[in-house]
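run.txt follows (compact mmCIF, C-alpha atoms and all ligand atoms):
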# COMPACT_ATOMS: atom_id res chain seq x y z
CA MET L 23 -13.60 10.57 0.00
CA ASN L 24 -10.67 9.80 -2.34
CA ILE L 25 -7.43 9.11 -0.52
CA ILE L 26 -3.95 7.69 -1.03
CA LEU L 27 -1.85 5.81 1.53
CA LEU L 28 1.78 6.62 0.90
CA GLY L 29 4.75 5.23 2.78
CA PRO L 30 7.74 2.94 2.54
CA PRO L 31 7.41 -0.85 2.41
CA GLY L 32 6.44 -2.07 5.87
CA ALA L 33 5.07 1.29 7.07
CA GLY L 34 1.70 -0.30 7.87
CA LYS L 35 -0.30 0.83 4.84
CA GLY L 36 -2.07 -2.50 4.40
CA THR L 37 -2.76 -2.84 8.14
CA GLN L 38 -4.33 0.62 8.36
CA ALA L 39 -6.11 0.20 5.02
CA LYS L 40 -8.08 -2.77 6.40
CA LYS L 41 -9.26 -0.60 9.30
CA ILE L 42 -10.13 2.38 7.10
CA GLU L 43 -11.96 0.12 4.66
CA GLU L 44 -14.12 -1.27 7.43
CA TYR L 45 -14.76 2.01 9.26
CA TYR L 46 -15.44 4.26 6.24
CA SER L 47 -16.64 1.58 3.77
CA LEU L 48 -14.07 2.74 1.26
CA PRO L 49 -12.86 0.22 -1.31
CA HIS L 50 -9.23 -0.69 -0.56
CA ILE L 51 -7.25 -0.81 -3.78
CA SER L 52 -3.85 -2.41 -3.19
CA THR L 53 -1.78 -2.72 -6.35
CA GLY L 54 0.49 -5.21 -4.55
CA ASP L 55 -2.54 -7.44 -3.81
CA ILE L 56 -3.77 -7.12 -7.42
CA LEU L 57 -0.34 -8.09 -8.76
CA ARG L 58 0.02 -11.04 -6.35
CA GLU L 59 -3.43 -12.28 -7.34
CA ASN L 60 -2.39 -12.15 -11.00
CA ILE L 61 0.78 -14.09 -10.20
CA ASN L 62 -1.25 -16.75 -8.36
CA ASN L 63 -3.65 -17.04 -11.30
CA ASN L 64 -0.78 -17.12 -13.80
CA THR L 65 -2.27 -14.36 -15.96
CA SER L 66 -0.13 -12.63 -18.60
CA LEU L 67 0.12 -9.62 -16.28
CA GLY L 68 1.26 -11.92 -13.46
CA VAL L 69 3.92 -13.49 -15.67
CA LYS L 70 5.25 -10.04 -16.63
CA ALA L 71 5.24 -8.74 -13.03
CA LYS L 72 6.72 -11.71 -11.21
CA SER L 73 10.46 -11.25 -11.75
CA TYR L 74 10.36 -7.54 -10.91
CA MET L 75 8.46 -8.21 -7.70
CA SER L 76 10.65 -11.02 -6.43
CA ARG L 77 13.74 -8.80 -6.90
CA GLY L 78 12.05 -5.93 -5.07
CA GLU L 79 12.00 -3.76 -8.20
CA LEU L 80 9.00 -1.75 -9.33
CA VAL L 81 6.80 -3.22 -12.06
CA PRO L 82 6.83 -0.93 -15.17
CA ASP L 83 4.58 2.13 -15.00
CA GLU L 84 2.52 1.24 -18.13
CA LEU L 85 1.26 -1.95 -16.49
CA LEU L 86 0.32 -0.21 -13.26
CA ILE L 87 -1.41 2.67 -15.00
CA THR L 88 -3.60 0.22 -16.94
CA ILE L 89 -4.44 -1.67 -13.72
CA ILE L 90 -5.43 1.47 -11.85
CA LYS L 91 -7.43 2.94 -14.71
CA ASP L 92 -9.49 -0.25 -14.96
CA ARG L 93 -9.96 -0.53 -11.23
CA LEU L 94 -11.04 3.09 -10.69
CA SER L 95 -13.67 2.76 -13.40
CA LYS L 96 -15.51 0.06 -11.39
CA ASN L 97 -18.81 1.00 -9.77
CA ASP L 98 -17.64 0.58 -6.20
CA CYS L 99 -15.26 3.54 -6.63
CA SER L 100 -18.02 6.00 -7.49
CA LYS L 101 -18.45 7.11 -3.87
CA GLY L 102 -14.78 7.11 -2.97
CA PHE L 103 -11.67 4.97 -2.90
CA MET L 104 -8.43 4.37 -1.04
CA LEU L 105 -5.24 3.62 -2.93
CA ASP L 106 -2.54 1.57 -1.19
CA GLY L 107 0.77 1.17 -3.01
CA TYR L 108 -0.14 3.42 -5.94
CA PRO L 109 1.26 5.80 -7.09
CA ARG L 110 4.89 4.84 -6.54
CA THR L 111 6.51 7.05 -9.18
CA ILE L 112 5.95 10.58 -10.49
CA PRO L 113 4.68 9.29 -13.89
CA GLN L 114 2.12 7.13 -12.01
CA ALA L 115 0.99 10.17 -10.03
CA ASP L 116 0.65 12.23 -13.22
CA ALA L 117 -1.36 9.44 -14.85
CA LEU L 118 -3.64 9.26 -11.82
CA GLN L 119 -4.22 12.99 -12.07
CA MET L 120 -5.29 12.58 -15.71
CA ILE L 121 -7.60 9.66 -14.95
CA LEU L 122 -9.30 11.58 -12.13
CA THR L 123 -9.67 14.77 -14.15
CA GLU L 124 -11.29 12.81 -16.99
CA SER L 125 -13.91 11.46 -14.59
CA ASN L 126 -14.42 14.75 -12.71
CA LYS L 127 -12.91 13.46 -9.50
CA LYS L 128 -10.21 14.79 -7.23
CA LEU L 129 -8.01 13.63 -4.38
CA ASP L 130 -8.93 14.69 -0.84
CA ALA L 131 -5.76 13.68 0.99
CA VAL L 132 -2.52 11.74 0.79
CA LEU L 133 -1.68 10.08 4.12
CA ASN L 134 2.06 9.72 4.38
CA ILE L 135 2.86 7.04 6.96
CA ALA L 136 6.38 7.70 8.24
CA VAL L 137 8.56 5.01 9.87
CA ASP L 138 12.37 4.81 10.13
CA ASP L 139 14.42 2.18 8.27
CA GLU L 140 15.43 0.09 11.27
CA GLU L 141 11.78 -0.41 12.27
CA LEU L 142 10.78 -1.11 8.64
CA ILE L 143 13.33 -3.93 8.38
CA GLU L 144 12.04 -5.48 11.62
CA ARG L 145 8.44 -5.22 10.43
CA LEU L 146 9.10 -6.66 6.97
CA SER L 147 11.24 -9.55 8.21
CA GLY L 148 8.52 -10.66 10.63
CA ARG L 149 5.54 -10.08 8.34
CA ARG L 150 3.25 -13.01 7.54
CA MET L 151 0.56 -12.68 4.89
CA CYS L 152 -2.73 -14.30 4.06
CA LYS L 153 -4.19 -14.74 0.58
CA CYS L 154 -7.19 -12.68 1.76
CA GLY L 155 -4.91 -9.63 2.10
CA ALA L 156 -4.63 -9.68 5.89
CA SER L 157 -1.12 -9.19 7.24
CA TYR L 158 0.35 -10.14 10.59
CA HIS L 159 3.66 -9.87 12.40
CA VAL L 160 5.21 -12.75 14.30
CA ASN L 161 5.90 -10.48 17.32
CA PHE L 162 4.09 -7.15 16.87
CA ASN L 163 0.74 -8.39 15.58
CA PRO L 164 0.53 -12.18 15.85
CA PRO L 165 -2.56 -14.10 14.71
CA LEU L 166 -4.71 -15.76 17.39
CA LYS L 167 -3.55 -19.16 16.22
CA ASP L 168 0.02 -19.63 15.01
CA GLY L 169 0.23 -19.52 11.20
CA VAL L 170 -3.53 -19.17 10.68
CA CYS L 171 -5.45 -16.07 9.49
CA ASN L 172 -7.93 -14.63 12.04
CA VAL L 173 -10.23 -13.47 9.27
CA CYS L 174 -10.50 -16.40 6.86
CA LYS L 175 -8.57 -19.23 8.62
CA GLY L 176 -6.22 -19.37 5.63
CA GLN L 177 -2.63 -20.53 6.04
CA LEU L 178 -0.16 -17.64 6.52
CA TYR L 179 2.98 -17.39 4.40
CA GLN L 180 6.06 -15.20 4.08
CA ARG L 181 6.30 -13.13 0.91
CA ASP L 182 9.35 -13.81 -1.33
CA ASP L 183 10.17 -10.12 -1.26
CA ASP L 184 10.17 -10.07 2.56
CA LYS L 185 13.50 -11.94 2.52
CA PRO L 186 16.62 -9.85 3.45
CA GLU L 187 18.07 -9.14 -0.05
CA ALA L 188 14.76 -8.00 -1.51
CA ILE L 189 13.94 -5.90 1.58
CA LYS L 190 17.22 -4.02 1.17
CA ASN L 191 16.50 -3.35 -2.47
CA ARG L 192 12.91 -2.25 -1.85
CA LEU L 193 14.06 0.39 0.64
CA ILE L 194 16.56 1.72 -1.93
CA VAL L 195 13.90 1.70 -4.65
CA TYR L 196 11.46 3.49 -2.33
CA LYS L 197 13.94 6.30 -1.61
CA LYS L 198 14.83 6.79 -5.24
CA GLN L 199 11.47 6.41 -6.97
CA THR L 200 8.66 6.88 -4.45
CA GLN L 201 9.96 9.35 -1.85
CA PRO L 202 9.81 12.25 -4.37
CA LEU L 203 6.02 11.90 -4.20
CA ILE L 204 6.10 13.38 -0.68
CA ASP L 205 7.22 16.68 -2.13
CA TYR L 206 4.91 16.32 -5.11
CA TYR L 207 1.79 16.01 -2.93
CA ASN L 208 3.05 18.53 -0.39
CA ARG L 209 3.16 21.13 -3.15
CA LYS L 210 -0.44 20.26 -4.01
CA LYS L 211 -1.34 20.79 -0.32
CA LEU L 212 -2.68 17.24 -0.07
CA LEU L 213 -0.03 15.69 2.16
CA ARG L 214 -0.82 14.72 5.75
CA THR L 215 2.04 13.01 7.59
CA ILE L 216 1.18 10.35 10.17
CA ASP L 217 3.68 9.04 12.75
CA GLY L 218 3.73 5.36 11.80
CA SER L 219 6.01 4.31 14.66
CA LYS L 220 3.13 4.19 17.17
CA GLU L 221 0.86 1.26 18.04
CA ILE L 222 -1.50 0.06 15.30
CA SER L 223 -4.65 1.25 17.11
CA GLN L 224 -3.15 4.67 17.97
CA ILE L 225 -2.15 5.25 14.35
CA PHE L 226 -5.71 4.49 13.29
CA GLU L 227 -6.99 7.10 15.79
CA ASP L 228 -4.57 9.64 14.31
CA ILE L 229 -5.74 8.80 10.80
CA LYS L 230 -9.38 9.23 11.80
CA SER L 231 -8.63 12.67 13.25
CA VAL L 232 -6.96 13.71 10.01
CA LEU L 233 -9.82 12.39 7.89
CA GLU L 234 -12.52 13.94 10.09
CA ALA L 235 -10.85 17.31 9.70
CA LEU L 236 -10.96 17.25 5.89
P1 LIG T 301 2.81 -2.14 4.19
O1 LIG T 301 1.49 -2.47 3.57
O2 LIG T 301 3.01 -0.65 4.34
O3 LIG T 301 3.97 -2.77 3.51
P2 LIG T 301 1.92 -3.80 6.45
O4 LIG T 301 0.62 -3.20 6.86
O5 LIG T 301 1.89 -5.08 5.72
O6 LIG T 301 2.81 -2.71 5.66
O7 LIG T 301 2.81 -3.94 7.78
C1 LIG T 301 4.14 -4.47 7.72
C2 LIG T 301 4.37 -5.37 8.93
O8 LIG T 301 4.42 -4.59 10.13
C3 LIG T 301 3.27 -6.40 9.17
O9 LIG T 301 3.89 -7.54 9.70
C4 LIG T 301 2.37 -5.73 10.21
O10 LIG T 301 1.70 -6.69 11.02
C5 LIG T 301 3.37 -4.94 11.03
N1 LIG T 301 2.83 -3.66 11.53
C6 LIG T 301 1.96 -2.83 10.92
N2 LIG T 301 1.75 -1.72 11.66
C7 LIG T 301 2.53 -1.83 12.77
C8 LIG T 301 2.75 -1.01 13.95
N3 LIG T 301 2.16 0.18 14.07
N4 LIG T 301 3.61 -1.47 14.87
C9 LIG T 301 4.24 -2.67 14.72
N5 LIG T 301 4.07 -3.49 13.66
C10 LIG T 301 3.22 -3.09 12.69
P1 LIG T 302 4.99 -3.05 0.22
O1 LIG T 302 4.30 -1.76 0.40
O2 LIG T 302 4.95 -3.92 1.42
O3 LIG T 302 6.37 -2.88 -0.34
P2 LIG T 302 3.23 -3.94 -2.00
O4 LIG T 302 2.42 -5.13 -1.74
O5 LIG T 302 2.56 -2.61 -2.09
O6 LIG T 302 4.37 -3.95 -0.91
O7 LIG T 302 4.06 -4.14 -3.34
C1 LIG T 302 4.80 -5.31 -3.58
C2 LIG T 302 5.53 -5.18 -4.91
O8 LIG T 302 4.58 -5.06 -5.98
C3 LIG T 302 6.45 -3.97 -5.06
O9 LIG T 302 7.73 -4.18 -4.52
C4 LIG T 302 6.48 -3.82 -6.59
O10 LIG T 302 7.33 -4.80 -7.19
C5 LIG T 302 5.05 -4.19 -6.99
N1 LIG T 302 4.17 -2.99 -7.01
C6 LIG T 302 3.08 -2.76 -6.26
N2 LIG T 302 2.54 -1.56 -6.54
C7 LIG T 302 3.31 -1.02 -7.52
C8 LIG T 302 3.29 0.20 -8.23
N3 LIG T 302 2.36 1.14 -8.00
N4 LIG T 302 4.25 0.41 -9.17
C9 LIG T 302 5.18 -0.52 -9.44
N5 LIG T 302 5.27 -1.68 -8.80
C10 LIG T 302 4.34 -1.95 -7.85
ZN ZN T 303 -7.08 -14.48 5.58
Starting from the file, lay out its structure as structure tokens.
Ligand code: ADP
Ligand code: ADP
Ligand code: ZN
Amino acid sequence: MNIILLGPPGAGKGTQAKKIEEYYSLPHISTGDILRENINNNTSLGVKAKSYMSRGELVPDELLITIIKDRLSKNDCSKGFMLDGYPRTIPQADALQMILTESNKKLDAVLNIAVDDEELIERLSGRRMCKCGASYHVNFNPPLKDGVCNVCKGQLYQRDDDKPEAIKNRLIVYKKQTQPLIDYYNRKKLLRTIDGSKEISQIFEDIKSVLEAL
């Protein structure tokens, strides 16, 4: 199964991706996580990406296309994959199409997680992250122990781009550059819209129903 999780910042893509990864044993490919790891390791990619990310802008398409091409060529993607945070622009979606065609693969579904702006702002402002990729919310999904990751016991932190100015910009960037992908995948008959305003566990049930029906 080859799927994409689409949705605005804060929709719950990462949260659901962790559940899908575990339940279906699909590799979870988060371009945001890959970029943050490169920033932490001070790689040349990380240095290039950092200023865009902290402002809430998108990192240039060429860099993302290279990342995704490399990642999809790894062995663990041979039986399926789940993309989270890619594609975010039409050129990225076109590039993905080319990469998949070259390797005789195709997409099975694009899960569009829909949440309104007011809720997104609340979710992003209360989000706390762990280096292992787990994400929490101070009110909606708190860790068992304050400030500590349930999974790896790492120390939780707030992302730079989860501060008010960057959040505002990311929502604008989403509407302008990423939202057109809803129409793009709808025309390809791949789009499945999920109501992302529900409880985390209910959304996962809805996602399973959609995936079982494929
Ligand atoms: P994304 O990867 O789409 O940016 P996350 O999965 O990181 O989103 O979720 C954003 C924030 O909202 C996190 O703090 C997360 O714990 C919280 N969250 C995720 N899903 C829900 C939900 N269904 N209801 C309430 N809060 C949620
Ligand atoms: P969220 O879904 O919560 O906004 P991500 O972790 O997916 O966050 O992305 C964080 C940031 O990383 C984005 O705001 C952007 O700067 C960069 N980024 C991640 N994926 C892409 C992509 N496919 N294209 C361009 N920039 C990206
Ligand atoms: Zn952790």
Within 10 Å of range 32-45 of chain L, which residues of range 87-164 of chain L show up? Give each one with its shortest atom-to-atom distance in Å (one decimal) and the two atoms involved, counting only C-alpha atoms, rows by chain then rising residue number, as CSV.
residue,atom,partner,partner_atom,distance
L:Phe103,CA,L:Glu43,CA,9.0
L:Met104,CA,L:Ala39,CA,7.7
L:Leu105,CA,L:Ala39,CA,8.7
L:Asp106,CA,L:Lys35,CA,6.5
L:Gly107,CA,L:Lys35,CA,7.9
L:Leu133,CA,L:Lys35,CA,9.4
L:Asn134,CA,L:Lys35,CA,9.2
L:Ile135,CA,L:Ala33,CA,6.2
L:Ala136,CA,L:Ala33,CA,6.6
L:Val137,CA,L:Ala33,CA,5.8
L:Asp138,CA,L:Ala33,CA,8.7
L:Asp139,CA,L:Gly32,CA,9.4
L:Glu141,CA,L:Gly32,CA,8.5
L:Leu142,CA,L:Gly32,CA,5.2
L:Ile143,CA,L:Gly32,CA,7.6
L:Glu144,CA,L:Gly32,CA,8.7
L:Arg145,CA,L:Gly32,CA,5.9
L:Leu146,CA,L:Gly32,CA,5.4
L:Ser147,CA,L:Gly32,CA,9.2
L:Arg149,CA,L:Gly32,CA,8.4
L:Gly155,CA,L:Gly36,CA,8.0
L:Ala156,CA,L:Thr37,CA,7.4
L:Ser157,CA,L:Thr37,CA,6.6
L:Tyr158,CA,L:Thr37,CA,8.3
L:Asn163,CA,L:Thr37,CA,9.9
Would you kindly identify which residues have an atom no farther than 6 Å from (12.5, -3.0, 2.9), using all atoms listed in the file and the file's own coordinates, and write them out as number ranges by chain? L: 31, 143, 189-190, 192-193
Straight-line distance linking CA of Ser219 in chain L with atom P1 of ligand LIG 302 (chain T), stated in Å to one decimal: 16.2 Å
From the set L:Lys91, L:Arg58, L:Lys230, L:Arg150, which residue has the shortest atom-to-atom contact distance to ligand LIG 302 (chain T), counting all atoms listed in the file?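 Distance minimum relative to ligand LIG 302 (chain T) lands on L:Arg58.
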As an NGL selection string, please: the residues near Gly176 in chain L (cut-off 8 Å, only C-alpha atoms, same-chain neighbours under 6 positions excluded). :L and (152-154 or 170)
Go ahead and write the residues just picked, C-alpha atoms, as a CSV table (one decimal), keeping the file's coordinate frame.
chain,number,residue,atom,x,y,z
L,152,CYS,CA,-2.7,-14.3,4.1
L,153,LYS,CA,-4.2,-14.7,0.6
L,154,CYS,CA,-7.2,-12.7,1.8
L,170,VAL,CA,-3.5,-19.2,10.7
Could you report the residues within 6 Å of ligand LIG 302 (chain T), using only C-alpha atoms and all ligand atoms, as a ChimeraX atom specification? /L:31-32,53-55,74-75,78-82,86,107-110
Adding 4 Å on each side of the box along x, y and z that holds all listed atoms of ligand LIG 301 (chain T), could you give its centre and edge lengths in Å to one decimal, as JSON?
{"center_x": 2.5, "center_y": -3.7, "center_z": 9.2, "size_x": 11.8, "size_y": 15.7, "size_z": 19.4}
Nearest candidate to Ile194 in chain L (options L:Lys101, L:Arg93, L:Arg77, L:Arg209; using only C-alpha atoms): L:Arg77
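Between Pro30 in chain L and the candidates L:Ile51, L:Leu118, L:Val195, L:Val160, the tightest atom-to-atom separation, counting only C-alpha atoms, involves L:Val195.
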Among the residues L:Pro113, L:Pro164, L:Gly68, L:Gly169, the one that comes closest to ligand LIG 301 (chain T) [using all atoms listed in the file]: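 Of the candidates, the smallest distance to ligand LIG 301 (chain T) is held by L:Pro164.
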Hey, could you patch up range 169-180 of chain L with N, CA and C atoms and hand it over as a PDB file, keeping the file's coordinate frame?
ATOM      1  N   GLY L 169       0.222 -19.157  12.614  1.00  0.00           N
ATOM      2  CA  GLY L 169       0.230 -19.520  11.200  1.00  0.00           C
ATOM      3  C   GLY L 169      -1.132 -19.541  10.520  1.00  0.00           C
ATOM      4  N   VAL L 170      -2.182 -19.098  11.252  1.00  0.00           N
ATOM      5  CA  VAL L 170      -3.530 -19.170  10.680  1.00  0.00           C
ATOM      6  C   VAL L 170      -4.187 -17.777  10.715  1.00  0.00           C
ATOM      7  N   CYS L 171      -4.812 -17.388   9.600  1.00  0.00           N
ATOM      8  CA  CYS L 171      -5.450 -16.070   9.490  1.00  0.00           C
ATOM      9  C   CYS L 171      -6.677 -15.955  10.398  1.00  0.00           C
ATOM     10  N   ASN L 172      -6.754 -14.859  11.183  1.00  0.00           N
ATOM     11  CA  ASN L 172      -7.930 -14.630  12.040  1.00  0.00           C
ATOM     12  C   ASN L 172      -9.199 -14.468  11.227  1.00  0.00           C
ATOM     13  N   VAL L 173      -9.063 -13.853  10.048  1.00  0.00           N
ATOM     14  CA  VAL L 173     -10.230 -13.470   9.270  1.00  0.00           C
ATOM     15  C   VAL L 173     -10.824 -14.657   8.520  1.00  0.00           C
ATOM     16  N   CYS L 174      -9.969 -15.379   7.773  1.00  0.00           N
ATOM     17  CA  CYS L 174     -10.500 -16.400   6.860  1.00  0.00           C
ATOM     18  C   CYS L 174      -9.983 -17.804   7.174  1.00  0.00           C
ATOM     19  N   LYS L 175      -9.150 -17.933   8.215  1.00  0.00           N
ATOM     20  CA  LYS L 175      -8.570 -19.230   8.620  1.00  0.00           C
ATOM     21  C   LYS L 175      -7.585 -19.791   7.604  1.00  0.00           C
ATOM     22  N   GLY L 176      -7.213 -18.926   6.618  1.00  0.00           N
ATOM     23  CA  GLY L 176      -6.220 -19.370   5.630  1.00  0.00           C
ATOM     24  C   GLY L 176      -4.854 -19.548   6.272  1.00  0.00           C
ATOM     25  N   GLN L 177      -3.984 -20.268   5.554  1.00  0.00           N
ATOM     26  CA  GLN L 177      -2.630 -20.530   6.040  1.00  0.00           C
ATOM     27  C   GLN L 177      -1.732 -19.319   5.729  1.00  0.00           C
ATOM     28  N   LEU L 178      -1.022 -18.808   6.729  1.00  0.00           N
ATOM     29  CA  LEU L 178      -0.160 -17.640   6.520  1.00  0.00           C
ATOM     30  C   LEU L 178       1.142 -18.047   5.833  1.00  0.00           C
ATOM     31  N   TYR L 179       1.709 -17.116   5.080  1.00  0.00           N
ATOM     32  CA  TYR L 179       2.980 -17.390   4.400  1.00  0.00           C
ATOM     33  C   TYR L 179       3.850 -16.140   4.440  1.00  0.00           C
ATOM     34  N   GLN L 180       5.155 -16.341   4.164  1.00  0.00           N
ATOM     35  CA  GLN L 180       6.060 -15.200   4.080  1.00  0.00           C
ATOM     36  C   GLN L 180       6.248 -14.837   2.614  1.00  0.00           C
TER      37      GLN L 180
END
